Structure formats: structure tokens, C-alpha cells
>>> print(open('structure_23.csv').read())   # CSV, C-alpha atoms
chain,number,residue,atom,x,y,z
L,906,MET,CA,-41.3,5.7,8.2
L,907,ALA,CA,-39.3,2.8,6.8
L,908,ASP,CA,-41.4,2.7,3.6
L,909,GLY,CA,-41.0,6.4,3.2
L,910,HIS,CA,-37.2,6.1,3.5
L,911,HIS,CA,-37.3,3.3,0.9
L,912,SER,CA,-39.2,5.4,-1.6
L,913,ASP,CA,-36.7,8.2,-1.3
L,914,LEU,CA,-34.0,6.0,-3.0
L,915,HIS,CA,-32.9,7.2,-6.4
L,916,SER,CA,-33.2,5.0,-9.5
L,917,ASP,CA,-29.4,4.6,-9.5
L,918,GLN,CA,-29.4,3.1,-6.1
L,919,ALA,CA,-30.2,-0.5,-5.0
L,920,GLN,CA,-33.7,-0.8,-3.6
L,921,PHE,CA,-33.1,-3.4,-0.9
L,922,LYS,CA,-33.1,-2.9,2.9
L,923,SER,CA,-31.1,-6.1,3.5
L,924,MET,CA,-28.8,-8.0,1.2
L,925,MET,CA,-31.2,-11.0,1.4
L,926,GLU,CA,-33.6,-8.9,-0.6
L,927,GLY,CA,-31.1,-7.9,-3.3
L,928,THR,CA,-31.8,-8.6,-7.0
L,929,GLN,CA,-29.5,-8.9,-9.9
L,930,GLU,CA,-30.6,-5.4,-11.0
L,931,ASP,CA,-29.6,-4.0,-7.6
L,932,TRP,CA,-26.2,-5.6,-7.8
L,933,ALA,CA,-25.7,-4.4,-11.4
L,934,ILE,CA,-26.2,-0.9,-10.1
L,935,ILE,CA,-23.8,-1.4,-7.3
L,936,ALA,CA,-21.2,-2.9,-9.6
L,937,GLY,CA,-21.5,0.0,-11.9
L,938,HIS,CA,-20.9,2.5,-9.1
L,939,SER,CA,-17.9,0.4,-7.9
L,940,LYS,CA,-16.3,0.5,-11.2
L,941,ALA,CA,-16.5,4.3,-11.4
L,942,PHE,CA,-15.4,4.7,-7.8
L,943,ASN,CA,-12.4,2.4,-8.2
L,944,LYS,CA,-11.1,4.7,-11.0
L,945,GLY,CA,-10.3,7.2,-8.3
L,946,LEU,CA,-8.3,4.7,-6.1
L,947,ALA,CA,-4.9,6.0,-7.1
L,948,ASP,CA,-5.8,9.5,-6.3
L,949,ARG,CA,-7.2,8.5,-2.9
L,950,VAL,CA,-4.0,6.6,-2.1
L,951,LEU,CA,-1.8,9.5,-3.0
L,952,ALA,CA,-4.0,11.9,-0.9
L,953,HIS,CA,-3.6,9.6,2.1
L,954,LEU,CA,0.2,9.4,1.5
L,955,ARG,CA,0.3,13.2,1.7
L,956,LEU,CA,-0.9,12.9,5.3
L,957,LEU,CA,2.7,11.9,6.1
L,958,ASP,CA,3.9,15.3,5.0
L,959,GLY,CA,5.3,17.1,8.1
L,960,ASP,CA,5.0,14.1,10.3
L,961,TYR,CA,8.5,13.6,11.7
L,962,GLY,CA,7.9,11.3,14.6
L,963,GLY,CA,11.4,12.1,15.9
L,964,PHE,CA,13.1,11.0,12.6
L,965,PRO,CA,15.6,13.3,10.8
L,966,ILE,CA,13.1,13.8,7.9
L,967,ASP,CA,9.3,13.6,7.8
L,968,ARG,CA,7.6,10.3,6.7
L,969,LEU,CA,6.6,11.6,3.3
L,970,THR,CA,10.1,12.5,2.5
L,971,HIS,CA,11.3,9.1,3.7
L,972,SER,CA,8.8,7.5,1.3
L,973,LEU,CA,10.0,9.7,-1.5
L,974,GLN,CA,13.6,8.8,-0.8
L,975,SER,CA,12.8,5.1,-0.6
L,976,ALA,CA,11.1,5.2,-4.0
L,977,THR,CA,13.8,7.4,-5.5
L,978,LEU,CA,16.5,5.0,-4.3
L,979,ALA,CA,14.6,2.1,-5.8
L,980,HIS,CA,14.0,3.9,-9.1
L,981,ARG,CA,17.7,5.0,-9.4
L,982,ASP,CA,18.7,1.4,-8.6
L,983,GLY,CA,16.9,0.2,-11.7
L,984,MET,CA,14.0,-1.5,-9.9
L,985,ASP,CA,10.8,-2.0,-11.9
L,986,GLU,CA,7.8,0.3,-11.6
L,987,GLU,CA,5.8,-2.1,-9.3
L,988,TYR,CA,8.6,-2.3,-6.9
L,989,VAL,CA,9.1,1.5,-6.9
L,990,VAL,CA,5.5,2.1,-6.1
L,991,CYS,CA,5.8,-0.5,-3.2
L,992,ALA,CA,8.7,1.5,-1.9
L,993,LEU,CA,6.7,4.7,-2.2
L,994,LEU,CA,3.8,3.3,-0.3
L,995,HIS,CA,5.4,0.9,2.2
L,996,ASP,CA,4.9,3.2,5.2
L,997,ILE,CA,1.5,4.6,4.2
L,998,GLY,CA,-0.1,2.7,7.1
L,999,ASP,CA,1.8,4.9,9.7
L,1000,THR,CA,-1.3,7.1,10.2
L,1001,LEU,CA,-3.9,4.4,11.0
L,1002,GLY,CA,-1.7,1.4,11.8
L,1003,SER,CA,0.6,2.8,14.4
L,1004,TYR,CA,1.2,-0.8,15.8
L,1005,ASN,CA,1.1,-2.7,12.5
L,1006,HIS,CA,1.8,-0.3,9.7
L,1007,PRO,CA,3.2,-2.9,7.2
L,1008,ASP,CA,-0.2,-4.7,7.3
L,1009,ILE,CA,-2.0,-1.6,6.1
L,1010,ALA,CA,0.3,-1.0,3.1
L,1011,ALA,CA,0.3,-4.7,2.2
L,1012,ALA,CA,-3.6,-4.8,2.2
L,1013,ILE,CA,-3.8,-1.8,-0.1
L,1014,LEU,CA,-1.2,-3.2,-2.5
L,1015,LYS,CA,-2.2,-6.9,-2.4
L,1016,PRO,CA,-4.6,-6.8,-5.4
L,1017,PHE,CA,-2.1,-5.1,-7.6
L,1018,VAL,CA,1.4,-6.6,-7.0
L,1019,SER,CA,3.3,-9.8,-7.2
L,1020,GLU,CA,3.4,-12.3,-4.3
L,1021,ALA,CA,7.1,-11.3,-3.7
L,1022,ASN,CA,6.4,-7.6,-3.5
L,1023,HIS,CA,3.3,-8.1,-1.4
L,1024,TRP,CA,5.3,-10.3,1.1
L,1025,MET,CA,8.1,-7.7,1.1
L,1026,VAL,CA,5.8,-4.9,2.1
L,1027,ALA,CA,3.9,-7.0,4.6
L,1028,ASN,CA,7.1,-8.1,6.4
L,1029,HIS,CA,9.4,-5.1,6.0
L,1030,GLY,CA,8.8,-4.1,9.6
L,1031,ILE,CA,10.4,-7.2,11.0
L,1032,PHE,CA,13.2,-7.1,8.5
L,1033,GLN,CA,13.8,-3.4,9.1
L,1034,GLY,CA,14.1,-4.2,12.7
L,1035,TYR,CA,17.6,-5.7,12.0
L,1036,TYR,CA,18.9,-2.1,12.0
L,1037,PHE,CA,17.4,-0.9,15.2
L,1038,PHE,CA,15.5,-3.5,17.4
L,1039,HIS,CA,18.6,-4.0,19.6
L,1040,HIS,CA,18.4,-0.3,20.6
L,1041,LEU,CA,14.9,-0.9,21.9
L,1042,GLY,CA,15.7,-4.1,23.8
L,1043,LEU,CA,14.3,-6.3,21.0
L,1044,ASP,CA,15.8,-9.1,19.0
L,1045,ARG,CA,17.3,-7.6,15.9
L,1046,ASP,CA,17.5,-11.1,14.4
L,1047,MET,CA,13.7,-11.6,14.5
L,1048,ARG,CA,13.7,-11.9,10.7
L,1049,GLU,CA,15.7,-15.1,10.9
L,1050,ALA,CA,12.5,-16.9,11.6
L,1051,TYR,CA,11.8,-16.4,7.9
L,1052,ARG,CA,15.3,-17.3,6.6
L,1053,ASP,CA,14.0,-20.2,4.5
L,1054,HIS,CA,11.2,-18.2,3.0
L,1055,PRO,CA,11.5,-17.7,-0.8
L,1056,HIS,CA,11.2,-13.9,-0.5
L,1057,PHE,CA,13.6,-13.5,2.4
L,1058,GLU,CA,16.4,-12.1,0.3
L,1059,HIS,CA,14.1,-9.9,-1.7
L,1060,THR,CA,12.8,-8.3,1.5
L,1061,ALA,CA,16.2,-8.0,3.1
L,1062,ARG,CA,17.5,-6.3,0.0
L,1063,PHE,CA,14.6,-3.8,0.0
L,1064,CYS,CA,15.3,-2.9,3.7
L,1065,HIS,CA,19.0,-2.6,3.2
L,1066,ARG,CA,19.1,-0.7,-0.1
L,1067,HIS,CA,15.8,1.2,-0.2
L,1068,ASP,CA,14.5,1.7,3.4
L,1069,GLN,CA,17.0,1.9,6.2
L,1070,ASN,CA,19.2,4.3,4.3
L,1071,ALA,CA,16.3,6.6,3.2
L,1072,PHE,CA,16.5,9.1,6.1
L,1073,ASP,CA,19.1,11.6,4.7
L,1074,PRO,CA,18.1,15.3,5.0
L,1075,ALA,CA,20.6,16.1,2.2
L,1076,TYR,CA,19.4,13.5,-0.3
L,1077,GLN,CA,17.5,15.0,-3.3
L,1078,ALA,CA,14.5,12.7,-3.8
L,1079,MET,CA,12.2,12.9,-6.8
L,1080,PRO,CA,9.0,14.8,-6.1
L,1081,LEU,CA,5.7,13.0,-5.5
L,1082,GLU,CA,4.5,14.2,-8.9
L,1083,ALA,CA,7.1,12.1,-10.6
L,1084,PHE,CA,5.6,9.0,-9.1
L,1085,ASP,CA,2.0,9.9,-9.8
L,1086,PRO,CA,1.9,8.2,-13.2
L,1087,MET,CA,3.4,5.0,-11.8
L,1088,VAL,CA,0.8,4.9,-9.0
L,1089,GLN,CA,-2.0,5.6,-11.5
L,1090,ARG,CA,-0.8,2.7,-13.8
L,1091,LEU,CA,-0.4,0.2,-10.9
L,1092,PHE,CA,-3.9,0.9,-9.4
L,1093,ALA,CA,-5.6,0.8,-12.8
L,1094,ALA,CA,-4.8,-2.9,-13.3
L,1095,PRO,CA,-5.7,-5.2,-10.4
L,1096,LYS,CA,-4.3,-8.7,-10.7
L,1097,ASN,CA,-6.0,-10.4,-7.7
L,1098,SER,CA,-9.5,-9.7,-6.5
L,1099,ILE,CA,-12.6,-11.8,-6.0
L,1100,TYR,CA,-14.5,-8.9,-7.7
L,1101,LEU,CA,-12.5,-8.7,-10.9
L,1102,LYS,CA,-14.8,-10.7,-13.2
L,1103,ALA,CA,-17.9,-8.9,-12.0
L,1104,LEU,CA,-16.4,-5.5,-12.6
L,1105,ALA,CA,-14.9,-6.5,-15.9
L,1106,ASP,CA,-18.4,-7.5,-17.1
L,1107,LYS,CA,-19.5,-3.9,-16.4
L,1108,ALA,CA,-16.8,-2.5,-18.6
>>> encode(input="structure_23.csv", output="C-alpha cells")
Amino acid sequence: MADGHHSDLHSDQAQFKSMMEGTQEDWAIIAGHSKAFNKGLADRVLAHLRLLDGDYGGFPIDRLTHSLQSATLAHRDGMDEEYVVCALLHDIGDTLGSYNHPDIAAAILKPFVSEANHWMVANHGIFQGYYFFHHLGLDRDMREAYRDHPHFEHTARFCHRHDQNAFDPAYQAMPLEAFDPMVQRLFAAPKNSIYLKALADKA
């Protein structure tokens, strides 16, 4: 049975049953597939972001609209494209990371953004808490534990100017389509990944 299954593999698939058996040819096939698959990453990210459409969670606007308002505020404030995309995607983890949504967004963005923007996204939940934690019986100054961190002010500014104030039903945000080219450009050029060299060799 096992041999029969093995013989059903196509020529464009690796032939091993365990990684210990893998050959350079197997991994060349896999790397080639990965390069092609990765070209669709931006589209997959945008498709997942659209899951926030219609999800209000009790807020005045749905989570997709909040994301669009956040990105629009950042764009109109003259922030660079990488920062704007971070603003757009900062809450993308709400669907699967209900208890740690900043971690999800930060993990998606990490290979593509600066250390400052990655830290901002990863920690925006605690910094955003300044505006509401006290209403939930939590310490609104929890962010003060990071006061001496080099990206403290960067993150505090994001939350103040481009996050906590992005819940306005009357605000006219840019449509998602306006941000599509920015997302495509960001996810086309990873900066940090252990796989970069291998995939570049397959170009």
C-alpha cells in the first residue's frame, strides 16, 4: 500500500516519505513550488482581511472599516507605505487570535517590515489599552513597562493618531482597492527570512 502511494506521486512532487530521505532534487522541486506559491501571498492576506467585513464586535463600525480608517489616517498623515500597510493589517489577527491578535499580525508582517514597525504592530494591543483598559478593571498604564524601549514613542504615536481614533462612522476612508498596490509591493519584497537565499536561487 505504501509503495503504491509512493508511485502515485507526480514528477513535480518530492519523492520522500520522511524528510530524512529527501534529496537535493526533492528540495529543488519544493523550493520552486514555494516561490510560485509565495507570489500569491498578498492576495491571500487581503482575502483574510476581508473576513473582518461585517464583524462589528460591538464597535461603532466593523473591523474592516476600522482597518481602512486606520490606514487612511496614516496615509493622509504622510506616513510611508510600509507604515500604512501595517496600519491596514494591524488587526488582521482578530479572527484567529481572539486573545492575542497583535501577535498574528506581527508574525505575518515580520519578514517584510522594519524592526520599528514590527514592534509597533506586535505591541499595539498593550499601548492601545491606554485608552480603555481602565474601563475593564485593567491598568491603562501597562505600556509604561516599555517606556525605555526605543520604539515606545513610535508605537504610542500609532495608537494615538491612527488607531484609537479610527472608529468614526462618518469618516470617509479610502477603499480597500486603493491599498491593494501597496500590499502587493510590500509582500513582494521580503527583507528577513531564513528562506530568502534558497528562494532567490530559484529565480
>>> residues_around(input="structure_23.csv", residues="Glu1020 (chain L)", least_positions_apart="2", cutoff="12 Å", atoms="all atoms listed in the file", output="ChimeraX atom specification")
/L:987-988,1011,1014-1018,1022-1027,1055-1056,1059-1060,1096-1097
>>> closest_residue(input="structure_23.csv", among="L:Leu1081, L:Ala933, L:Ser1003, L:Leu1091", to="Asp958 (chain L)", atoms="all atoms listed in the file")
L:Leu1081
>>> atom_distance(input="structure_23.csv", atom1="CA of Ala1071 (chain L)", atom2="CA of Leu993 (chain L)")
11.2 Å
>>> atom_distance(input="structure_23.csv", atom1="CA of Asp1085 (chain L)", atom2="CA of Ala936 (chain L)")
26.5 Å
>>> closest_residue(input="structure_23.csv", among="L:Gln929, L:Glu986, L:Arg1045, L:His1054", to="Ala1021 (chain L)", atoms="all atoms listed in the file")
L:His1054
>>> residues_around(input="structure_23.csv", residues="Ala979 (chain L)", least_positions_apart="3", cutoff="6 Å", atoms="only C-alpha atoms", output="short mmCIF file (atom, residue, chain, number, x, y, z; two decimals) with C-alpha atoms, keeping the file's coordinate frame")
data_model
loop_
_atom_site.label_atom_id
_atom_site.label_comp_id
_atom_site.auth_asym_id
_atom_site.auth_seq_id
_atom_site.Cartn_x
_atom_site.Cartn_y
_atom_site.Cartn_z
CA ALA L 976 11.10 5.20 -4.00
CA ASP L 982 18.70 1.40 -8.60
CA MET L 984 14.00 -1.50 -9.90
CA VAL L 989 9.10 1.50 -6.90
CA HIS L 1067 15.80 1.20 -0.20
#
>>> closest_residue(input="structure_23.csv", among="L:His995, L:Arg1052, L:His1006, L:His971", to="Asn1070 (chain L)", atoms="all atoms listed in the file")
L:His971
>>> closest_residue(input="structure_23.csv", among="L:Cys1064, L:Ile997, L:Ser923, L:Ser975", to="Ala952 (chain L)", atoms="all atoms listed in the file")
L:Ile997
>>> closest_residue(input="structure_23.csv", among="L:Ser1098, L:Ser1019, L:Ser916, L:Gln1069", to="Ser972 (chain L)", atoms="only C-alpha atoms")
L:Gln1069
>>> atom_distance(input="structure_23.csv", atom1="CA of Glu930 (chain L)", atom2="CA of Pro1095 (chain L)")
24.9 Å
>>> residues_around(input="structure_23.csv", residues="Arg968 (chain L)", least_positions_apart="2", cutoff="12 Å", atoms="only C-alpha atoms", output="PyMOL selection string")
chain L and resi 954-966+970-975+993-1000+1068+1071-1074
>>> closest_residue(input="structure_23.csv", among="L:Phe1084, L:Phe1092, L:Phe1032, L:Phe1037", to="Ala1061 (chain L)", atoms="all atoms listed in the file")
L:Phe1032
>>> residues_near_point(input="structure_23.csv", point="(13.3, -12.9, 10.8)", cutoff="12 Å", atoms="only C-alpha atoms", output="number ranges by chain")
L: 1028-1035, 1038, 1044-1054, 1056-1058, 1060-1061
